[in-house]
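Chemist: Could you have a look at this structure, given as structure tokens, before my questions?
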Amino acid sequence: MTATTTDPVLSFDEAMARFDPVLGLEVHVELNTVSKMFCGCSTVFGAPPNTQTCPVCLGLPGSMPVVNGKAVEAAIRIGLALNCSIAEWCRFARKNYFYPDMPKNFQTSQYDEPIAYDGWTEVDVDGTTYRIDIERAHMEEDTGKSLHVGGATGRIHGADHSLVDYNRAGIPLIEIVTKPVEGTGAQAPQVARAYVAHLRDLLLGLGVSDVRMEQGSLRCDVNLSLRESPSAPFGTRSETKNVNSLRSVERAVRYETGRQAARLAAGERVVQETRHWHEDTGITTPGRSKEEAEDYRYFPEPDLVPIAPDRAWVEQLKAGLPEPPRERRARLQQEWGFSDLEMRDTVGAGALGLVEETIAAGASPAAARKWWLSEMARRANEQGVELTALAVTPADVARVQALVDEGKVNDKLARQVFDGVLAGEGTPDEVVEKRGLAVVSDEGALSAAVDRAIEANPDVAQKIRDGKVAAAGALIGAVMKEMRGQADAGRVRELILEKLA
Amino acid sequence: MSDPTRRTAAELADALASGETSSVELTRAHLDRIAAVDGDVHAFLQVDAEGALAAARASDERRAAGTPASVLDGVPIAVKDVLATEGLPTTCGSRILEGWVPPYDATVVARLRQAGLPILGKTNMDEFAMGSSTEHSAYGPTHNPWDLSRIPGGSGGGSAAAVAAFEAPLAIGTDTGGSIRQPGAVTGTVGVKPTYGGVSRYGLVSLANSLDQAGPVTRTVLDAALLHEVVGGHDPLDSTSIDQPLPALVEAARQGASGDLSGVRLGVVKELTGEGYQAGVQQRFDEAVQLLVGAGAEVVEVSCPTFVHALATYYLILPAEASSNLARFDAMRYGLRVYPDGVDAPSAEEVMRATRDVGFGDEVKRRIILGTYALSSGYYDAYYGQAQKVRTLVGRDFATAFEKADVLLSPTAPTTAFKIGEKVDDPLAMYLNDLATIPANLAGVPGISVPSGLADEDGLPTGLQVLAPATADDRVYRIGAAAERLLLEKWGGPLLDRAPDLAGASA
Ligand SMILES: [Zn+2]
């Protein structure tokens with residue numbers, strides 16, 4: 001069943017003409033620590049259900065949590081990378097509510113004492129820089145995962161029964177919450193997307209998370225409200241939950257803007273509620289209303305002692321932070337001589353790191369960009385995976401380019417080399433060898449082929465003799481065809497021009 | 001040997017070491033005693049004869065090989081049913097955990113096994129340790145061996161009664177507001193609540209995490225010290241466990257028993273005596289203090305004014321933490337599952353509601369409601385927040401008092417054992433039983449209860465409580481052992497020798 005709605009929606013332009021949007025983004029990041037937040041269980045993704053559990057993450061009576069120091073370290077580094085203050089002293093708190101995939105029926109989280117608070121970061125959209133203030137980044141544990149069996153929707157409603165996998169229960173999460181983001185105007189959807197993309201790059205740079213949105217290791221809740229003008233008080237906001245791709249973040253902001261604008265324009269009020277995002281139809285539907293919201297009855301977790309990070313350690317972590325993504329991008333653009341557009345495309349394709357490594361492996365910036373953004377992007381798209389998931393390394397790409405530069409293969413053959421590498425046939429050199437892809441550099445054979453082409457096309461040959469060099473293309477094509485592509489087109493052209501000079 | 005069930009754990013350990021007896025013999029003797037008297041006492045919810053005898057045989061093999069695992073290797077023990085025991089049902093006295101067999105051992109239990117103590121079984125308790133009489137057990141009350149019509153105290157009435165009825169030489173209890181000490185007082189046995197963090201809570205099914213502490217239940221102070229040294233000390237699985245070695249407890253108990261108390265300052269807490277304390281209880285307390293003075297100790301009166309608020313504070317913090325701890329019992333993964341009557345294809349929430357309705361007793365429901373309310377938004381500051389502030393003040397009162405005195409003294413419980421059923425419908429009267437024991441839990445300090453005699457008016461046991469600063473558990477053993485020795489001399493033998501013979505007792 002596809003979610004449908006009768007909510008009227010105003011067009012985005014119309015909405016923007018009448019209202020000013022205010023954004024808020026809550027991002028949950030699963031850390032890539034080896035063990036869980038409060039026990040020693042493995043965090044590896046994709047294991048058979050309930051094989052990575054113990055009395056602690058199953059919440060069995062009598063079990064008690066012990067904080068994972070590596071998760072605290074990651075939380076502090078994330079906080080520092082977002083220019084946050086790091087708490088001198090903070091505690092975990094219990095967030096009490098019932099849900100079958102939450103083993104203790106409370107989540108061990110942080111409440112009014114987050115590990116990191118009051119930060120900021122900046123994102124760029126079409127040449128404009130937006131400052132995003134960070135309210136807090138706090139530590140918590142993930143819940144299990146329910147699978148609702150039977151029924152048509154895969155949702156709990158209408159299901160025969162549910163299965164719960166607790167492998168995910170207790171995986172460390174960092175929740176990063178922005179302060180209200182104002183002043184974006186009609187750029188709100190792009191700013192939201194750019195912020196999440198920016199966080200992804202930042203977290204990747206820190207090496208603290210796999211940040212795979214498709215696996216749920218980075219999840220986003222989008223809060224949005226509208227007001228009459230930038231000077232008016234905040235309007236009532238909706239919270240759209242689990243918007244789990246960059247494209248969806250942008251679409252969700254756009255949709256909610258139109259939906260709320262239609263209500264306000266009709267003189268109705270916006271209901272403060274959580275809303276479900278529907279990826280397939282690009283709409284939101286109502287979830288829990290805040291009027292009937294639960295009281296989480298937070299209180300400090302009595303089984304854990306407060307965390308008081310040593311100041312010298314925090315300073316040490318700060319000194320060890322990697323270069324921030326924005327600064328890194330600016331530096332790389334400068335070094336590579338990319339235009340703004342080229343740089344934006346590279347970043348947008350998620351190819352920045354790949355291009356950087358390819359250049360480091362010896363390719364020119366232009367070549368590295370060309371391969372990743374055209375040939376590799378097409379293949380990733382066909383396979384429905386991220387560029388980084390392709391079975392080809394930056395070193396492979398650099399090597400193929402080197403083969404082209406050395407004249408051993410041409411562009412067409414290079415694509416076949418990539419076919420072989422992706423098919424697991426070995427390194428580029430091994431593929432060239434096994435498939436016999438090297439261009440024919442036997443001057444004799446090539447010369448004979450050129451002679452035959454000239455003989456077969458006297459008219460064209462005469463034009464070239466008359467100085468119309470551009471006509472050489474037809475002869476080159478004929479030679480290449482005869483050589484089944486395995487010739488260096490540049491050398492063929494030289495031979496033709498020599499012979500017809 | 002003479003009836004092994006009448007001997008102390010220290011004596012049994014000596015007899016095992018000298019080869020006079022075997023662990024199998026001891027364990028069998030206690031299992032026989034349980035079979036003979038527990039029908040009347042009902043101290044046990046679960047007896048594990050097979051497991052205990054297997055452990056006893058293994059112990060005897062170690063002794064034979066000359067490699068005992070500990071001083072107490074082979075001495076059997078009973079464990080309160082609130083501690084997780086792998087392969088042995090753990091119910092917490094609740095219907096909702098009926099039949100639950102934990103897949104893991106509590107750290108205390110693991111240490112008992114490592115030290116070679118055969119576990120005789122699991123002892124009865126008020127449901128989830130909520131109560132002072134063991135009447136709130138879903139499996140029926142435990143009876144006081146001194147008078148079977150009376151309560152054995154609670155929540156750990158099962159452990160205290162087992163030891164008092166000679167069904168076990170040793171037991172483990174847990175103490176959240178007095179659940180080890182108050183049963184000790186009303187059954188004429190010894191109970192120790194260690195410093196908070198001194199004994200691991202891992203595997204102890206939490207009542208109130210910030211107050212709970214497991215500890216020894218025995219017939220002598222020395223036995224308690226021996227057991228404390230086996231189960232105590234740092235545990236990385238419990239973040240609140242203290243990462244430093246235990247003081248020398250056995251040594252302190254031996255030193256205390258040697259008698260000299262000169263230079264020791266005893267503080268009698270003004271707020272924990274007098275009004276509200278039964279005359280016979282007060283009288284035995286005063287006499288015990290005089291005996292200690294006779295041994296060279298000096299007495300000062302100390303005042304801890306915030307102690308009068310301790311009970312109210314406790315009844316906010318405990319239910320708050322408990323309401324959250326008990327949320328996990330939702331019929332999803334383990335324990336009882338009840339389907340609601342007349343509902344076709346009930347939802348998870350409906351099953352959970354029906355299960356909690358049937359699975360929890362009234363006292364548990366009462367405290368869940370209290371705690372949920374105390375933590376609710378808009379009430380948190382007034383209740384839970386305020387209670388934490390008072391708790392801090394209680395700690396300050398202790399600190400001030402310990403500047404004037406090395407240990408503090410009071411009667412353990414305000415009354416002797418009351419009749420089963422007498423207070424079960426009057427929660428407030430029931431809560432008053434823990435008046436003198438609760439402050440120690442709020443402040444995390446250690447305390448012991450040793451028998452101080454029998455009240456004149458009813459001939460039932462009374463207790464002397466000794467409290468010391470946090471991590472100075474050795475002091476409660478020293479003063480407790482001194483009082484025990486002086487009183488034994490006065491009585492001419494153990495107090496429990498005066499307890500009536502139980503029906504079916506063959507010894
Ligand atoms: Zn685990």
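The chains in the structure tokens are called A, B, ... from first to last as shown; in each chain the residues are counted from 1, and the ligands are counted from 1 in the order shown.
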Could you write out as a ChimeraX atom specification the residues of chain B within 6 Å of chain A, counting only C-alpha atoms?
Modeler: /B:202-205,209-210,239,327-328,375-376
Chemist: As a PyMOL selection string, list the residues of segment 114-255 of chain B assigned to helix (DSSP H, G or I) by DSSP on the backbone atoms of this structure.
Modeler: chain B and resi 114+127-129+157-164+181-187+221-231+249-255
Chemist: Determine, counting only C-alpha atoms, which protein, DNA and RNA residues have an atom within 9 Å of an atom of segment 265-271 of chain B; residues of the same chain fewer than 6 positions away are not included. Present the result as a list of chain:residue names.
Modeler: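 Everything that qualifies: B:Val289, B:Leu292, B:Val293, B:Ala297, B:Glu298, B:Val299, B:Val300, B:Glu301, B:Val302, B:Ser303, B:Cys304, B:Pro305, B:Thr306, B:Phe307, B:Val308, B:Ala401, B:Phe402, B:Lys404, B:Ala405, B:Asp406, B:Val407, B:Leu408, B:Leu409, B:Ser410, B:Ala436.
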Chemist: Could you turn the residues from that selection into a file that holds N, CA, C and O atoms, as an mmCIF file, in the first residue's frame?
Modeler:
data_model
loop_
_atom_site.group_PDB
_atom_site.id
_atom_site.type_symbol
_atom_site.label_atom_id
_atom_site.label_comp_id
_atom_site.auth_asym_id
_atom_site.auth_seq_id
_atom_site.Cartn_x
_atom_site.Cartn_y
_atom_site.Cartn_z
ATOM 1 N N VAL B 289 25.035 -0.752 74.713
ATOM 2 C CA VAL B 289 25.935 0.405 74.702
ATOM 3 C C VAL B 289 26.768 0.409 75.988
ATOM 4 O O VAL B 289 27.987 0.649 75.961
ATOM 5 N N LEU B 292 29.633 -1.970 75.877
ATOM 6 C CA LEU B 292 30.740 -1.468 75.056
ATOM 7 C C LEU B 292 31.545 -0.435 75.825
ATOM 8 O O LEU B 292 32.779 -0.386 75.735
ATOM 9 N N VAL B 293 30.848 0.374 76.600
ATOM 10 C CA VAL B 293 31.522 1.381 77.418
ATOM 11 C C VAL B 293 32.404 0.667 78.452
ATOM 12 O O VAL B 293 33.545 1.060 78.702
ATOM 13 N N ALA B 297 35.110 1.801 75.537
ATOM 14 C CA ALA B 297 34.667 2.783 74.543
ATOM 15 C C ALA B 297 34.091 4.024 75.223
ATOM 16 O O ALA B 297 33.677 3.983 76.384
ATOM 17 N N GLU B 298 34.077 5.093 74.484
ATOM 18 C CA GLU B 298 33.569 6.358 74.982
ATOM 19 C C GLU B 298 32.267 6.635 74.209
ATOM 20 O O GLU B 298 32.194 6.329 73.021
ATOM 21 N N VAL B 299 31.258 7.170 74.860
ATOM 22 C CA VAL B 299 29.983 7.401 74.176
ATOM 23 C C VAL B 299 29.716 8.892 74.033
ATOM 24 O O VAL B 299 29.902 9.648 74.979
ATOM 25 N N VAL B 300 29.311 9.289 72.836
ATOM 26 C CA VAL B 300 28.867 10.679 72.639
ATOM 27 C C VAL B 300 27.498 10.633 71.985
ATOM 28 O O VAL B 300 27.202 9.714 71.209
ATOM 29 N N GLU B 301 26.678 11.622 72.314
ATOM 30 C CA GLU B 301 25.396 11.693 71.614
ATOM 31 C C GLU B 301 25.612 12.564 70.389
ATOM 32 O O GLU B 301 26.245 13.608 70.468
ATOM 33 N N VAL B 302 25.131 12.104 69.236
ATOM 34 C CA VAL B 302 25.237 12.925 68.022
ATOM 35 C C VAL B 302 23.827 13.170 67.487
ATOM 36 O O VAL B 302 22.913 12.361 67.699
ATOM 37 N N SER B 303 23.689 14.299 66.792
ATOM 38 C CA SER B 303 22.390 14.615 66.216
ATOM 39 C C SER B 303 22.502 14.640 64.697
ATOM 40 O O SER B 303 23.444 15.204 64.142
ATOM 41 N N CYS B 304 21.558 14.006 64.046
ATOM 42 C CA CYS B 304 21.500 14.001 62.582
ATOM 43 C C CYS B 304 20.096 14.463 62.206
ATOM 44 O O CYS B 304 19.211 13.641 61.920
ATOM 45 N N PRO B 305 19.874 15.788 62.235
ATOM 46 C CA PRO B 305 18.511 16.311 62.124
ATOM 47 C C PRO B 305 17.773 15.919 60.846
ATOM 48 O O PRO B 305 16.558 15.759 60.860
ATOM 49 N N THR B 306 18.512 15.734 59.744
ATOM 50 C CA THR B 306 17.798 15.427 58.498
ATOM 51 C C THR B 306 17.321 13.973 58.455
ATOM 52 O O THR B 306 16.551 13.608 57.562
ATOM 53 N N PHE B 307 17.758 13.150 59.410
ATOM 54 C CA PHE B 307 17.330 11.746 59.392
ATOM 55 C C PHE B 307 15.807 11.621 59.500
ATOM 56 O O PHE B 307 15.238 10.626 59.049
ATOM 57 N N VAL B 308 15.171 12.621 60.094
ATOM 58 C CA VAL B 308 13.699 12.536 60.215
ATOM 59 C C VAL B 308 13.036 12.639 58.836
ATOM 60 O O VAL B 308 11.890 12.245 58.675
ATOM 61 N N ALA B 401 28.588 13.808 61.938
ATOM 62 C CA ALA B 401 28.541 12.864 63.059
ATOM 63 C C ALA B 401 29.837 12.060 63.145
ATOM 64 O O ALA B 401 30.345 11.805 64.239
ATOM 65 N N PHE B 402 30.391 11.697 61.978
ATOM 66 C CA PHE B 402 31.617 10.887 61.995
ATOM 67 C C PHE B 402 32.856 11.712 62.355
ATOM 68 O O PHE B 402 33.946 11.162 62.519
ATOM 69 N N LYS B 404 32.704 13.346 65.122
ATOM 70 C CA LYS B 404 32.657 13.209 66.582
ATOM 71 C C LYS B 404 32.764 11.753 67.036
ATOM 72 O O LYS B 404 33.065 11.492 68.195
ATOM 73 N N ALA B 405 32.421 10.842 66.146
ATOM 74 C CA ALA B 405 32.380 9.436 66.550
ATOM 75 C C ALA B 405 32.969 8.553 65.455
ATOM 76 O O ALA B 405 32.874 8.879 64.269
ATOM 77 N N ASP B 406 33.581 7.434 65.876
ATOM 78 C CA ASP B 406 34.145 6.496 64.897
ATOM 79 C C ASP B 406 33.052 5.656 64.263
ATOM 80 O O ASP B 406 33.142 5.288 63.087
ATOM 81 N N VAL B 407 32.057 5.309 65.084
ATOM 82 C CA VAL B 407 30.895 4.573 64.565
ATOM 83 C C VAL B 407 29.643 5.174 65.187
ATOM 84 O O VAL B 407 29.711 5.847 66.208
ATOM 85 N N LEU B 408 28.512 4.939 64.556
ATOM 86 C CA LEU B 408 27.234 5.390 65.108
ATOM 87 C C LEU B 408 26.418 4.165 65.503
ATOM 88 O O LEU B 408 26.478 3.127 64.834
ATOM 89 N N LEU B 409 25.666 4.316 66.566
ATOM 90 C CA LEU B 409 24.867 3.196 67.072
ATOM 91 C C LEU B 409 23.394 3.554 67.136
ATOM 92 O O LEU B 409 23.030 4.707 67.402
ATOM 93 N N SER B 410 22.556 2.541 66.918
ATOM 94 C CA SER B 410 21.111 2.707 67.121
ATOM 95 C C SER B 410 20.512 1.311 67.198
ATOM 96 O O SER B 410 21.177 0.332 66.842
ATOM 97 N N ALA B 436 15.337 3.300 60.993
ATOM 98 C CA ALA B 436 16.718 3.430 61.467
ATOM 99 C C ALA B 436 17.737 2.920 60.458
ATOM 100 O O ALA B 436 18.923 3.238 60.554
#
Chemist: Need to verify the contact set: Asn144 of chain B, 8 Å, only C-alpha atoms, exclusion of same-chain residues closer than 5 positions in sequence. Can you return it as number ranges by chain?
Modeler: B: 41, 149-152, 161, 187, 417
Chemist: Expressed in Å to a single decimal, how great is the separation between atom CA of Gly207 of chain A and atom CA of Trp89 of chain A?
Modeler: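 Separation between atom CA of Gly207 of chain A and atom CA of Trp89 of chain A: 25.1 Å.
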Chemist: Could you pull the residues within 12 Å of Thr107 of chain B, counting only C-alpha atoms, minus those fewer than 4 positions along the same chain, as a compact mmCIF listing (two decimals) with all heavy atoms, in the first residue's frame?
Modeler:
# COMPACT_ATOMS: atom_id res chain seq x y z
N GLY A 62 18.90 -7.62 36.18
CA GLY A 62 20.17 -7.70 36.90
C GLY A 62 21.39 -7.22 36.12
O GLY A 62 22.42 -6.94 36.70
N SER A 63 21.26 -7.14 34.78
CA SER A 63 22.42 -6.72 34.01
C SER A 63 22.65 -5.21 34.16
O SER A 63 21.72 -4.48 34.46
CB SER A 63 22.24 -7.08 32.54
OG SER A 63 21.18 -6.34 31.99
N MET A 64 23.88 -4.79 33.96
CA MET A 64 24.21 -3.38 34.14
C MET A 64 25.13 -2.89 33.03
O MET A 64 25.96 -3.63 32.53
CB MET A 64 24.94 -3.19 35.48
CG MET A 64 24.07 -3.41 36.68
SD MET A 64 25.04 -3.37 38.19
CE MET A 64 25.62 -1.66 38.14
N LEU B 83 19.17 -12.43 43.09
CA LEU B 83 20.45 -12.49 42.39
C LEU B 83 20.37 -13.54 41.29
O LEU B 83 19.93 -14.67 41.52
CB LEU B 83 21.57 -12.84 43.37
CG LEU B 83 21.91 -11.70 44.34
CD1 LEU B 83 22.39 -12.23 45.67
CD2 LEU B 83 22.93 -10.76 43.73
N ALA B 84 20.80 -13.17 40.10
CA ALA B 84 20.72 -14.06 38.95
C ALA B 84 21.64 -15.25 39.15
O ALA B 84 22.81 -15.11 39.48
CB ALA B 84 21.10 -13.32 37.67
N THR B 85 21.08 -16.46 38.95
CA THR B 85 21.85 -17.69 39.06
C THR B 85 21.67 -18.46 37.77
O THR B 85 20.55 -18.83 37.41
CB THR B 85 21.32 -18.55 40.23
OG1 THR B 85 19.88 -18.51 40.23
CG2 THR B 85 21.82 -18.04 41.56
N GLU B 86 22.76 -18.69 37.05
CA GLU B 86 22.67 -19.39 35.78
C GLU B 86 22.12 -20.79 35.99
O GLU B 86 22.60 -21.55 36.84
CB GLU B 86 24.06 -19.46 35.14
CG GLU B 86 24.00 -20.02 33.72
CD GLU B 86 25.36 -20.04 33.03
OE1 GLU B 86 26.30 -19.40 33.52
OE2 GLU B 86 25.44 -20.70 31.98
N ARG B 111 31.26 -15.39 42.21
CA ARG B 111 32.35 -15.44 43.20
C ARG B 111 32.12 -16.55 44.23
O ARG B 111 33.08 -17.18 44.68
CB ARG B 111 32.51 -14.07 43.87
CG ARG B 111 33.11 -13.07 42.91
CD ARG B 111 33.42 -11.72 43.53
NE ARG B 111 33.98 -10.85 42.49
CZ ARG B 111 34.33 -9.59 42.67
NH1 ARG B 111 34.16 -9.02 43.86
NH2 ARG B 111 34.83 -8.89 41.67
N LEU B 112 30.86 -16.77 44.59
CA LEU B 112 30.56 -17.88 45.50
C LEU B 112 30.95 -19.20 44.86
O LEU B 112 31.58 -20.06 45.49
CB LEU B 112 29.06 -17.91 45.85
CG LEU B 112 28.53 -16.77 46.71
CD1 LEU B 112 27.01 -16.90 46.88
CD2 LEU B 112 29.20 -16.74 48.09
N ARG B 113 30.60 -19.35 43.60
CA ARG B 113 30.92 -20.61 42.90
C ARG B 113 32.44 -20.78 42.79
O ARG B 113 32.97 -21.86 43.01
CB ARG B 113 30.30 -20.62 41.50
CG ARG B 113 28.76 -20.66 41.49
CD ARG B 113 28.29 -21.11 40.10
NE ARG B 113 26.97 -20.62 39.72
CZ ARG B 113 25.83 -21.29 39.91
NH1 ARG B 113 25.84 -22.45 40.54
NH2 ARG B 113 24.67 -20.77 39.49
N GLN B 114 33.12 -19.67 42.42
CA GLN B 114 34.58 -19.75 42.28
C GLN B 114 35.23 -20.12 43.61
O GLN B 114 36.25 -20.80 43.65
CB GLN B 114 35.14 -18.40 41.81
CG GLN B 114 35.04 -18.21 40.30
CD GLN B 114 35.02 -16.74 39.91
OE1 GLN B 114 35.42 -15.88 40.70
NE2 GLN B 114 34.55 -16.45 38.71
N VAL B 199 30.32 -4.23 47.15
CA VAL B 199 30.01 -5.56 46.62
C VAL B 199 29.30 -5.32 45.28
O VAL B 199 28.39 -4.48 45.20
CB VAL B 199 29.10 -6.36 47.57
CG1 VAL B 199 28.70 -7.70 46.96
CG2 VAL B 199 29.80 -6.59 48.92
N SER B 200 29.70 -6.04 44.26
CA SER B 200 29.14 -5.82 42.92
C SER B 200 27.62 -6.00 42.90
O SER B 200 27.07 -6.92 43.50
CB SER B 200 29.76 -6.80 41.93
OG SER B 200 29.06 -6.74 40.70
N ARG B 201 26.94 -5.14 42.17
CA ARG B 201 25.50 -5.27 41.95
C ARG B 201 25.20 -5.97 40.64
O ARG B 201 24.03 -6.17 40.29
CB ARG B 201 24.83 -3.89 41.96
CG ARG B 201 24.78 -3.24 43.32
CD ARG B 201 23.93 -1.96 43.30
NE ARG B 201 24.47 -0.96 42.41
CZ ARG B 201 23.90 -0.54 41.29
NH1 ARG B 201 22.73 -1.04 40.92
NH2 ARG B 201 24.47 0.36 40.53
N TYR B 202 26.23 -6.33 39.86
CA TYR B 202 25.96 -6.95 38.57
C TYR B 202 25.21 -8.26 38.78
O TYR B 202 25.69 -9.15 39.47
CB TYR B 202 27.25 -7.19 37.78
CG TYR B 202 26.97 -7.68 36.39
CD1 TYR B 202 26.58 -6.79 35.39
CD2 TYR B 202 27.03 -9.03 36.06
CE1 TYR B 202 26.26 -7.23 34.12
CE2 TYR B 202 26.72 -9.48 34.79
CZ TYR B 202 26.34 -8.57 33.82
OH TYR B 202 26.02 -9.01 32.56
N GLY B 203 24.03 -8.36 38.21
CA GLY B 203 23.21 -9.57 38.36
C GLY B 203 22.25 -9.51 39.53
O GLY B 203 21.45 -10.42 39.71
N LEU B 204 22.32 -8.42 40.28
CA LEU B 204 21.33 -8.19 41.34
C LEU B 204 20.17 -7.46 40.65
O LEU B 204 20.37 -6.37 40.12
CB LEU B 204 21.96 -7.31 42.42
CG LEU B 204 21.28 -7.06 43.76
CD1 LEU B 204 22.18 -6.18 44.63
CD2 LEU B 204 19.91 -6.43 43.67
N VAL B 205 19.01 -8.07 40.63
CA VAL B 205 17.89 -7.44 39.92
C VAL B 205 17.51 -6.18 40.70
O VAL B 205 17.08 -6.25 41.85
CB VAL B 205 16.70 -8.40 39.79
CG1 VAL B 205 15.54 -7.73 39.05
CG2 VAL B 205 17.12 -9.67 39.05
N ALA B 214 24.30 -5.81 48.07
CA ALA B 214 24.26 -7.19 48.55
C ALA B 214 25.23 -7.35 49.71
O ALA B 214 26.22 -6.62 49.79
CB ALA B 214 24.65 -8.14 47.42
N VAL B 230 34.80 -12.90 50.51
CA VAL B 230 34.66 -13.75 49.31
C VAL B 230 33.91 -13.00 48.20
O VAL B 230 34.31 -13.01 47.04
CB VAL B 230 33.91 -15.07 49.64
CG1 VAL B 230 33.46 -15.77 48.36
CG2 VAL B 230 34.81 -15.99 50.46
N VAL B 231 32.84 -12.31 48.57
CA VAL B 231 31.98 -11.72 47.52
C VAL B 231 32.33 -10.27 47.20
O VAL B 231 31.92 -9.75 46.15
CB VAL B 231 30.47 -11.81 47.89
CG1 VAL B 231 30.03 -13.26 47.99
CG2 VAL B 231 30.14 -11.04 49.16
N GLY B 232 33.05 -9.59 48.11
CA GLY B 232 33.27 -8.14 47.94
C GLY B 232 34.41 -7.83 46.99
O GLY B 232 35.08 -8.71 46.47
N GLY B 233 34.61 -6.52 46.78
CA GLY B 233 35.71 -6.02 45.97
C GLY B 233 35.29 -5.62 44.57
O GLY B 233 34.18 -5.92 44.13
N HIS B 234 36.19 -4.94 43.89
CA HIS B 234 35.87 -4.29 42.62
C HIS B 234 35.41 -5.27 41.54
O HIS B 234 35.93 -6.38 41.43
CB HIS B 234 37.09 -3.52 42.11
CG HIS B 234 36.83 -2.79 40.83
ND1 HIS B 234 37.51 -3.06 39.67
CD2 HIS B 234 35.95 -1.81 40.54
CE1 HIS B 234 37.06 -2.27 38.71
NE2 HIS B 234 36.11 -1.51 39.20
N ASP B 235 34.44 -4.82 40.76
CA ASP B 235 33.94 -5.60 39.63
C ASP B 235 33.79 -4.67 38.43
O ASP B 235 32.98 -3.75 38.45
CB ASP B 235 32.57 -6.21 39.99
CG ASP B 235 31.95 -6.96 38.80
OD1 ASP B 235 32.67 -7.23 37.81
OD2 ASP B 235 30.75 -7.27 38.88
N PRO B 236 34.55 -4.91 37.37
CA PRO B 236 34.44 -4.03 36.20
C PRO B 236 33.07 -4.03 35.54
O PRO B 236 32.75 -3.13 34.76
CB PRO B 236 35.51 -4.57 35.24
CG PRO B 236 35.90 -5.91 35.76
CD PRO B 236 35.59 -5.94 37.22
N LEU B 237 32.23 -5.02 35.85
CA LEU B 237 30.90 -5.06 35.24
C LEU B 237 29.91 -4.12 35.94
O LEU B 237 28.81 -3.91 35.46
CB LEU B 237 30.34 -6.49 35.28
CG LEU B 237 31.11 -7.54 34.47
CD1 LEU B 237 30.47 -8.91 34.64
CD2 LEU B 237 31.15 -7.14 33.00
N ASP B 238 30.30 -3.60 37.09
CA ASP B 238 29.44 -2.67 37.83
C ASP B 238 30.18 -1.34 37.91
O ASP B 238 31.16 -1.20 38.65
CB ASP B 238 29.17 -3.25 39.24
CG ASP B 238 28.41 -2.27 40.13
OD1 ASP B 238 28.10 -1.14 39.69
OD2 ASP B 238 28.12 -2.63 41.29
N SER B 241 30.89 0.17 41.23
CA SER B 241 31.70 -0.58 42.18
C SER B 241 33.00 0.18 42.48
O SER B 241 33.57 0.83 41.60
CB SER B 241 31.93 -1.98 41.59
OG SER B 241 33.23 -2.40 41.71
